[in-house]
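Asks: Just one file: protein_23.cif, with mmCIF, C-alpha atoms and all ligand atoms.
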data_target
loop_
_atom_site.label_atom_id
_atom_site.label_comp_id
_atom_site.auth_asym_id
_atom_site.auth_seq_id
_atom_site.Cartn_x
_atom_site.Cartn_y
_atom_site.Cartn_z
CA MET A 1432 0.00 0.00 0.00
CA GLN A 1433 0.94 3.62 -0.49
CA CYS A 1434 0.92 6.65 1.77
CA PRO A 1435 -2.28 8.57 0.86
CA LYS A 1436 -0.37 11.87 1.17
CA CYS A 1437 3.09 11.47 -0.34
CA GLY A 1438 2.53 8.20 -2.23
CA ALA A 1439 5.58 6.46 -0.67
CA GLU A 1440 5.33 2.68 -0.53
CA GLN A 1441 4.61 1.45 3.04
CA ARG A 1442 4.91 -1.79 4.95
CA PRO A 1443 1.43 -3.30 5.51
CA ASP A 1444 1.59 -2.84 9.30
CA ASN A 1445 2.69 0.81 9.23
CA ALA A 1446 0.58 3.29 11.20
CA ILE A 1447 2.80 6.24 10.31
CA CYS A 1448 4.31 7.08 6.92
CA ASP A 1449 8.01 6.28 6.74
CA ARG A 1450 8.63 9.28 4.55
CA CYS A 1451 6.32 12.18 5.44
CA GLY A 1452 5.44 11.02 8.98
CA ILE A 1453 1.64 11.43 8.79
CA VAL A 1454 -0.47 9.29 11.10
CA PHE A 1455 -2.68 7.36 8.71
CA GLU A 1456 -5.64 7.20 11.01
CA LYS A 1457 -5.74 10.93 11.49
CA TYR A 1458 -5.16 11.59 7.86
CA TYR A 1459 -8.06 9.37 6.86
CA LYS A 1460 -10.23 11.02 9.43
CA TYR A 1461 -9.82 14.46 7.85
CA HIS A 1462 -9.64 13.14 4.28
CA PRO A 1463 -12.21 10.35 4.34
CA ARG A 1464 -12.38 10.05 0.56
CA THR A 1465 -8.76 8.94 0.38
CA VAL A 1466 -9.44 5.80 2.44
CA ASP A 1467 -8.11 2.76 0.75
CA SER A 1468 -10.01 -0.22 2.08
CA GLY A 1469 -7.04 -2.47 1.47
CA SER A 1470 -4.67 -0.32 3.46
CA PRO A 1471 -3.70 -1.34 6.97
CA ALA A 1472 -4.41 2.19 8.19
CA ALA A 1473 -7.94 2.17 6.91
CA ALA A 1474 -9.01 -0.43 9.44
CA PRO A 1475 -7.33 0.56 12.66
CA ARG A 1476 -10.44 2.11 14.22
CA SER A 1477 -10.55 -0.65 16.74
CA ARG A 1478 -10.44 -0.85 20.50
CA ALA A 1479 -6.70 -1.33 20.31
CA GLY A 1480 -6.23 1.86 18.32
CA VAL A 1481 -3.94 1.91 15.26
CA ARG A 1482 -2.02 -1.30 15.45
CA GLY A 1483 -0.64 -0.52 18.85
CA HIS A 1484 1.10 2.71 17.86
CA PRO A 1485 1.07 5.15 20.79
CA ALA A 1486 0.00 8.01 18.53
CA SER A 1487 -3.09 6.10 17.64
CA ASN A 1488 -4.50 6.14 21.18
CA ALA A 1489 -5.67 9.70 20.74
CA ALA A 1490 -9.29 8.85 21.50
CA GLY A 1491 -11.60 11.50 22.87
CA PRO A 1492 -12.87 11.42 26.45
CA GLY A 1493 -16.01 9.60 25.30
CA ALA A 1494 -13.87 6.57 24.50
CA LEU A 1495 -14.09 5.63 28.15
CA PHE A 1496 -17.77 4.74 27.73
CA PHE A 1497 -17.94 4.33 23.97
CA PRO A 1498 -14.59 2.86 22.96
CA GLU A 1499 -15.38 2.91 19.27
CA ALA A 1500 -15.77 6.68 19.21
CA GLN A 1501 -12.37 8.16 18.49
CA GLY A 1502 -10.98 11.64 18.63
CA GLY A 1503 -14.12 13.57 19.48
CA ASP A 1504 -16.70 12.06 17.19
CA TRP A 1505 -19.22 13.95 19.34
CA LEU A 1506 -22.26 13.64 17.15
CA ALA A 1507 -22.13 9.85 17.17
CA LEU A 1508 -21.33 9.94 20.85
CA ALA A 1509 -24.32 12.14 21.64
CA ALA A 1510 -26.59 9.91 19.56
CA ARG A 1511 -25.42 6.86 21.46
CA ALA A 1512 -25.79 8.60 24.81
CA LEU A 1513 -29.33 9.57 23.86
CA LEU A 1514 -30.10 6.03 22.81
CA TRP A 1515 -28.83 4.66 26.10
CA ALA A 1516 -30.74 7.29 28.05
CA LEU A 1517 -33.94 6.41 26.16
CA LEU A 1518 -33.40 2.71 26.77
CA LEU A 1519 -32.82 3.36 30.46
CA ALA A 1520 -35.90 5.57 30.74
CA TRP A 1521 -37.97 2.96 28.93
CA GLY A 1522 -36.70 0.26 31.30
CA LEU A 1523 -37.49 2.39 34.34
CA LEU A 1524 -40.96 3.25 33.07
CA SER A 1525 -41.69 -0.40 32.35
CA ALA A 1526 -40.55 -1.37 35.84
CA LEU A 1527 -42.72 1.36 37.38
CA LEU A 1528 -45.71 0.30 35.30
CA ALA A 1529 -45.24 -3.35 36.28
CA ALA A 1530 -44.98 -2.35 39.97
CA GLY A 1531 -48.12 -0.20 39.62
CA ILE A 1532 -50.09 -3.02 38.02
CA TYR A 1533 -48.91 -5.44 40.68
CA LEU A 1534 -49.96 -3.09 43.51
CA TRP A 1535 -53.28 -2.37 41.84
CA MET A 1536 -54.04 -6.06 41.37
CA ARG A 1537 -53.05 -6.81 44.95
CA GLU A 1538 -55.25 -4.00 46.18
CA ARG A 1539 -58.09 -4.95 43.87
CA TYR A 1540 -58.24 -8.62 44.70
CA GLY A 1541 -56.64 -8.64 48.13
CA ARG A 1542 -58.52 -5.96 50.04
CA GLY A 1543 -62.00 -7.43 50.23
CA GLY A 1544 -63.22 -4.81 52.70
CA PRO A 1545 -62.80 -1.22 53.79
CA PHE A 1546 -59.65 0.74 53.04
CA PRO A 1547 -57.18 -0.43 55.74
CA ALA A 1548 -56.97 1.95 58.67
CA LYS A 1549 -53.22 1.28 58.96
CA ASP A 1550 -52.82 3.09 55.60
CA ALA A 1551 -54.91 6.08 56.68
CA ALA A 1552 -51.97 8.47 56.31
CA SER A 1553 -51.85 7.78 52.57
CA LEU A 1554 -55.29 9.37 52.26
CA LEU A 1555 -53.80 12.66 53.43
CA ASN A 1556 -51.24 12.60 50.66
CA PRO A 1557 -50.71 16.18 49.36
CA LEU A 1558 -50.95 14.97 45.73
CA ARG A 1559 -54.68 14.64 46.31
CA GLU A 1560 -54.97 18.41 46.23
CA TRP A 1561 -54.25 18.20 42.50
CA MET A 1562 -56.96 15.56 41.97
CA GLN A 1563 -59.52 16.80 44.48
CA PRO A 1564 -58.85 20.39 45.56
CA VAL A 1565 -60.28 20.43 49.09
CA ALA A 1566 -61.75 23.94 49.27
CA ALA A 1567 -63.39 23.83 45.83
CA THR A 1568 -64.72 20.32 46.41
CA VAL A 1569 -66.26 21.17 49.77
CA ARG A 1570 -67.80 24.29 48.22
CA ALA A 1571 -69.44 22.02 45.66
CA PHE A 1572 -71.02 20.00 48.52
CA ARG A 1573 -73.24 23.09 49.14
CA LEU A 1574 -72.74 23.15 52.90
CA ARG A 1575 -74.08 26.26 54.63
CA PRO A 1576 -73.24 27.78 57.99
CA GLY A 1577 -75.37 26.19 60.69
CA ASP A 1578 -75.97 22.97 58.71
CA THR A 1579 -75.94 19.50 60.22
CA VAL A 1580 -73.86 17.43 57.81
CA LEU A 1581 -73.28 13.69 57.65
CA GLU A 1582 -69.93 12.56 56.27
CA LEU A 1583 -70.03 8.84 55.59
CA GLY A 1584 -66.64 7.12 55.67
CA PRO A 1585 -64.51 10.16 56.54
CA GLY A 1586 -61.34 8.10 56.98
CA PRO A 1587 -58.64 10.30 58.54
CA GLY A 1588 -60.61 13.43 57.58
CA TYR A 1589 -59.13 14.75 54.36
CA PHE A 1590 -62.35 16.75 53.77
CA THR A 1591 -63.65 16.96 57.34
CA VAL A 1592 -61.59 19.93 58.46
CA GLU A 1593 -62.85 22.08 55.57
CA ALA A 1594 -66.41 20.81 56.07
CA GLY A 1595 -66.23 21.80 59.75
CA ARG A 1596 -65.15 25.30 58.74
CA ALA A 1597 -67.94 25.54 56.13
CA VAL A 1598 -70.74 24.85 58.62
CA GLY A 1599 -69.11 27.06 61.25
CA PRO A 1600 -69.59 27.03 65.02
CA GLY A 1601 -73.38 26.89 64.68
CA GLY A 1602 -73.29 23.73 62.58
CA ARG A 1603 -71.84 20.27 62.99
CA VAL A 1604 -70.33 17.49 60.96
CA ILE A 1605 -71.30 13.96 61.94
CA CYS A 1606 -68.51 11.64 60.82
CA MET A 1607 -69.50 8.01 60.66
CA ASP A 1608 -66.95 5.36 59.85
CA ILE A 1609 -66.94 1.59 60.20
CA GLN A 1610 -63.33 1.41 61.47
CA PRO A 1611 -62.21 2.56 64.91
CA GLY A 1612 -58.68 3.05 63.53
CA MET A 1613 -59.94 5.61 61.01
CA LEU A 1614 -61.85 7.46 63.70
CA ALA A 1615 -58.72 7.57 65.87
CA ALA A 1616 -56.76 9.12 62.98
CA LEU A 1617 -59.62 11.55 62.35
CA ARG A 1618 -59.73 12.58 66.01
CA GLY A 1619 -56.03 13.42 65.91
CA ARG A 1620 -56.39 15.49 62.74
CA LEU A 1621 -59.39 17.41 64.07
CA ARG A 1622 -57.47 18.21 67.26
CA GLU A 1623 -54.47 19.32 65.23
CA HIS A 1624 -56.66 21.72 63.20
CA SER A 1625 -58.75 22.85 66.23
CA VAL A 1626 -62.02 21.65 64.70
CA THR A 1627 -64.54 21.39 67.52
CA ASN A 1628 -67.87 21.01 65.70
CA ALA A 1629 -67.39 17.41 64.52
CA ARG A 1630 -69.05 14.40 66.14
CA LEU A 1631 -67.53 10.98 65.56
CA LEU A 1632 -69.69 7.88 65.20
CA LEU A 1633 -68.60 4.28 64.82
CA GLY A 1634 -70.99 2.34 62.61
CA ASP A 1635 -72.05 0.85 59.33
CA ALA A 1636 -73.52 2.93 56.52
CA THR A 1637 -76.44 0.53 56.24
CA ARG A 1638 -77.59 1.38 59.78
CA VAL A 1639 -77.21 5.11 60.43
CA PRO A 1640 -78.15 5.85 64.06
CA LEU A 1641 -79.74 9.22 63.28
CA ALA A 1642 -83.36 10.36 63.26
CA ALA A 1643 -85.25 10.70 59.98
CA ALA A 1644 -84.88 14.08 58.22
CA SER A 1645 -82.30 15.23 60.77
CA VAL A 1646 -79.49 16.08 58.32
CA ASP A 1647 -79.20 18.99 55.87
CA ALA A 1648 -76.47 17.53 53.68
CA ALA A 1649 -74.44 14.36 53.36
CA PHE A 1650 -71.31 13.49 51.41
CA LEU A 1651 -69.29 10.39 50.60
CA VAL A 1652 -65.86 10.48 49.00
CA THR A 1653 -64.61 7.18 47.56
CA VAL A 1654 -66.74 5.22 50.02
CA LEU A 1655 -69.69 3.87 48.05
CA GLY A 1656 -67.68 1.07 46.39
CA GLU A 1657 -66.62 -0.27 49.79
CA ILE A 1658 -70.18 -0.76 50.98
CA PRO A 1659 -71.46 -4.19 49.93
CA ASP A 1660 -75.16 -3.28 50.25
CA ARG A 1661 -75.19 0.05 48.44
CA PRO A 1662 -78.98 0.31 47.88
CA ARG A 1663 -79.53 -0.07 51.59
CA ALA A 1664 -76.91 2.56 52.45
CA LEU A 1665 -78.50 5.01 50.01
CA ALA A 1666 -81.94 4.28 51.42
CA GLU A 1667 -80.54 5.16 54.87
CA LEU A 1668 -79.13 8.41 53.50
CA ARG A 1669 -82.47 9.24 51.95
CA ARG A 1670 -84.15 8.61 55.31
CA VAL A 1671 -81.85 10.82 57.38
CA LEU A 1672 -81.70 13.71 54.87
CA ARG A 1673 -84.40 16.35 55.23
CA PRO A 1674 -86.53 17.17 52.16
CA GLY A 1675 -84.43 19.37 49.89
CA GLY A 1676 -81.25 18.09 51.53
CA VAL A 1677 -78.19 17.55 49.34
CA LEU A 1678 -76.29 14.30 48.86
CA SER A 1679 -72.83 14.57 47.22
CA ILE A 1680 -70.93 11.55 45.95
CA LEU A 1681 -67.35 11.84 44.74
CA GLU A 1682 -65.56 9.03 42.94
CA THR A 1683 -62.02 8.91 41.63
CA MET A 1684 -60.52 6.41 39.19
CA THR A 1685 -57.42 6.10 41.36
CA ASP A 1686 -59.57 4.21 43.88
CA CYS A 1687 -59.77 0.49 43.25
CA ASP A 1688 -63.44 0.53 44.30
CA TYR A 1689 -64.28 3.19 41.72
CA GLN A 1690 -67.97 3.34 40.85
CA LEU A 1691 -69.04 4.16 37.33
CA GLU A 1692 -70.94 7.41 37.02
CA ASP A 1693 -73.93 5.84 35.32
CA SER A 1694 -74.34 3.17 37.94
CA VAL A 1695 -74.24 5.81 40.72
CA ARG A 1696 -76.85 7.89 38.89
CA ASP A 1697 -79.08 4.86 38.38
CA LEU A 1698 -78.71 3.72 41.96
CA CYS A 1699 -79.49 7.18 43.37
CA ALA A 1700 -82.44 7.62 41.02
CA ALA A 1701 -83.77 4.23 42.14
CA CYS A 1702 -83.51 5.42 45.76
CA GLY A 1703 -85.54 8.55 45.01
CA PHE A 1704 -82.78 11.18 44.62
CA THR A 1705 -82.86 13.82 41.91
CA ALA A 1706 -79.60 14.78 40.23
CA ILE A 1707 -78.93 18.53 40.58
CA ASP A 1708 -75.27 18.92 39.71
CA HIS A 1709 -72.38 17.17 38.04
CA GLN A 1710 -68.75 18.23 38.05
CA ARG A 1711 -65.80 16.66 36.35
CA GLN A 1712 -62.62 16.36 38.37
CA ARG A 1713 -59.13 15.56 37.12
CA THR A 1714 -59.42 11.87 37.93
CA GLY A 1715 -63.12 11.41 38.55
CA TYR A 1716 -66.43 13.15 39.08
CA LEU A 1717 -68.72 14.66 41.68
CA LEU A 1718 -72.46 14.12 41.56
CA CYS A 1719 -74.92 16.07 43.70
CA PHE A 1720 -78.48 14.97 44.34
CA ALA A 1721 -81.41 16.44 46.20
CA THR A 1722 -84.06 14.68 48.24
CA PRO A 1723 -87.62 15.48 47.10
C1 LIG B 1801 -61.12 5.02 50.72
S1 LIG B 1801 -61.52 5.55 52.33
C2 LIG B 1801 -61.95 7.25 52.00
C3 LIG B 1801 -61.84 8.12 53.19
C4 LIG B 1801 -62.22 9.59 52.96
N1 LIG B 1801 -63.56 9.73 52.51
C5 LIG B 1801 -61.27 10.22 51.99
O1 LIG B 1801 -61.69 10.52 50.88
O2 LIG B 1801 -60.11 10.42 52.35
C6 LIG B 1801 -63.09 4.81 52.63
C7 LIG B 1801 -63.59 5.00 54.03
O3 LIG B 1801 -64.91 4.47 54.12
C8 LIG B 1801 -65.05 3.72 55.30
N2 LIG B 1801 -66.09 2.70 55.11
C9 LIG B 1801 -66.02 1.60 54.31
N3 LIG B 1801 -67.17 0.90 54.41
C10 LIG B 1801 -67.96 1.57 55.27
C11 LIG B 1801 -69.27 1.32 55.80
N4 LIG B 1801 -69.98 0.25 55.43
N5 LIG B 1801 -69.79 2.19 56.67
C12 LIG B 1801 -69.07 3.29 57.05
N6 LIG B 1801 -67.84 3.57 56.61
C13 LIG B 1801 -67.28 2.71 55.73
C14 LIG B 1801 -63.65 3.13 55.49
O4 LIG B 1801 -63.45 2.73 56.83
C15 LIG B 1801 -62.77 4.28 55.06
O5 LIG B 1801 -62.50 5.14 56.12
#
Starting from the file, give its structure as structure tokens.
Ligand SMILES: C[S@@+](CC[C@H](N)C(=O)[O-])C[C@H]1O[C@@H](n2cnc3c(N)ncnc32)[C@H](O)[C@@H]1O

Replies:
Amino acid sequence: MQCPKCGAEQRPDNAICDRCGIVFEKYYKYHPRTVDSGSPAAAPRSRAGVRGHPASNAAGPGALFFPEAQGGDWLALAARALLWALLLAWGLLSALLAAGIYLWMRERYGRGGPFPAKDAASLLNPLREWMQPVAATVRAFRLRPGDTVLELGPGPGYFTVEAGRAVGPGGRVICMDIQPGMLAALRGRLREHSVTNARLLLGDATRVPLAAASVDAAFLVTVLGEIPDRPRALAELRRVLRPGGVLSILETMTDCDYQLEDSVRDLCAACGFTAIDHQRQRTGYLLCFATP
């Protein structure tokens, strides 16, 4: 083979021209059209560099991670880095998705009852504000100062504090939950926020220990799906609400006991409620009904 610059005949294993001293690899890099595929210098872009010649180890810093990239081939390097980053992100997303599906399935088929009281703190997760903004949601419940309100399944009281404020010192919020652990968490939260107009009741939604027509408004947030006998619970709500009282039901798709909007409408209509309002939320909906 010949030197691509001066044309001097070279030994096949030469990395540098015997006559003019050019480094073949570098020369070919800047004059790619002169590459002679048969020449020994045309192939030395290997991990070992140009046939072991020290001058040939002039790889760029990227060679540490991408050994094939020599002497600052930054475009190729960036493309590879992007590819690896995308692959990594895809792997991470897949792992997260798989973990999410696993947790959802476990929750869906493993709960078989009310939301566990030991996980009550997760219901106070600040991310909920994005899905169900507390102040706006409680405003939509149409609570008025002085009202007696029934909150069914308050859990640790994500909405109770705001509801207590809405009815004011002349009103009260009756919080009825089936789990003592939830009521204990609720008690702590109410104390922390100095809410004094809430009354806590331990009991089942299908047997509300309140007099007929004694409540001005009632609300349930992600509770309906946990009650096995929903028609009976709604009949109880109808009984305790005064005529013209408002029942609000909020459902979110992030809850594994999510109730479809149509089935809630049908159920409430069958129990004698009239739909008066409907609001879409980021991950669900709020339906308001009135008693005739
Ligand atoms: C998913 S948590 C929702 C708590 C709260 N409403 C919130 O949005 O943060 C459901 C709550 O309903 C209560 N619950 C489930 N079945 C019930 C029933 N039959 N009677 C009364 N409360 C019930 C659970 O104990 C739990 O506190």

Asks: Hey, what's within 9 Å of A:Thr1683 if we count all atoms listed in the file and toss same-chain stuff fewer than 5 positions away? As a ChimeraX atom specification, please?

Replies: /A:1562-1563,1652-1653,1688-1690,1712-1717

Asks: For the point (-66.8, 10.3, 65.8) in the file's frame, write as a PDB file with C-alpha atoms, keeping the file's coordinate frame all residues with an atom no more than 7 Å away, counting only C-alpha atoms.

Replies:
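Writing done, so here's out09.pdb:
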ATOM      1  CA  ILE A1605     -71.300  13.960  61.940  1.00  0.00           C
ATOM      2  CA  CYS A1606     -68.510  11.640  60.820  1.00  0.00           C
ATOM      3  CA  MET A1607     -69.500   8.010  60.660  1.00  0.00           C
ATOM      4  CA  LEU A1614     -61.850   7.460  63.700  1.00  0.00           C
ATOM      5  CA  ARG A1630     -69.050  14.400  66.140  1.00  0.00           C
ATOM      6  CA  LEU A1631     -67.530  10.980  65.560  1.00  0.00           C
ATOM      7  CA  LEU A1632     -69.690   7.880  65.200  1.00  0.00           C
ATOM      8  CA  LEU A1633     -68.600   4.280  64.820  1.00  0.00           C
TER       9      LEU A1633
END

Asks: Could you list, as a ChimeraX atom specification, all protein and nucleic acid residues with an atom at most 7 Å from ligand LIG 1801 (chain B), counting all atoms listed in the file?

Replies: /A:1545-1546,1548,1554-1555,1583-1590,1607-1610,1613,1634-1637,1651-1654,1657-1658

Asks: Quote the spacing between atom CA of A:Val1671 and atom CA of A:Leu1698 in Å to one decimal place.

Replies: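 We find that atom CA of A:Val1671 and atom CA of A:Leu1698 lie 17.3 Å from each other.
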
Asks: Can you work out the spacing between atom CA of A:Ala1526 and atom CA of A:Leu1513 in Å, to one decimal?

Replies: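 It comes out at 19.7 Å.
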
Asks: Between A:Leu1527, A:Ala1552, A:Leu1672, A:Met1432, which has the minimum distance to A:Ala1649 (counting only C-alpha atoms)?

Replies: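 Counting only C-alpha atoms, the residue closest to A:Ala1649 is A:Leu1672.
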
Asks: Could you check which of A:Val1646, A:Gly1438, A:Asn1445, A:Leu1718 is closest to A:Ser1694, using all atoms listed in the file?

Replies: A:Leu1718

Asks: Which distance in Å separates atom CA of A:Ala1520 and atom CA of A:Leu1508, to one decimal?

Replies: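 Between atom CA of A:Ala1520 and atom CA of A:Leu1508 the gap is 18.1 Å.
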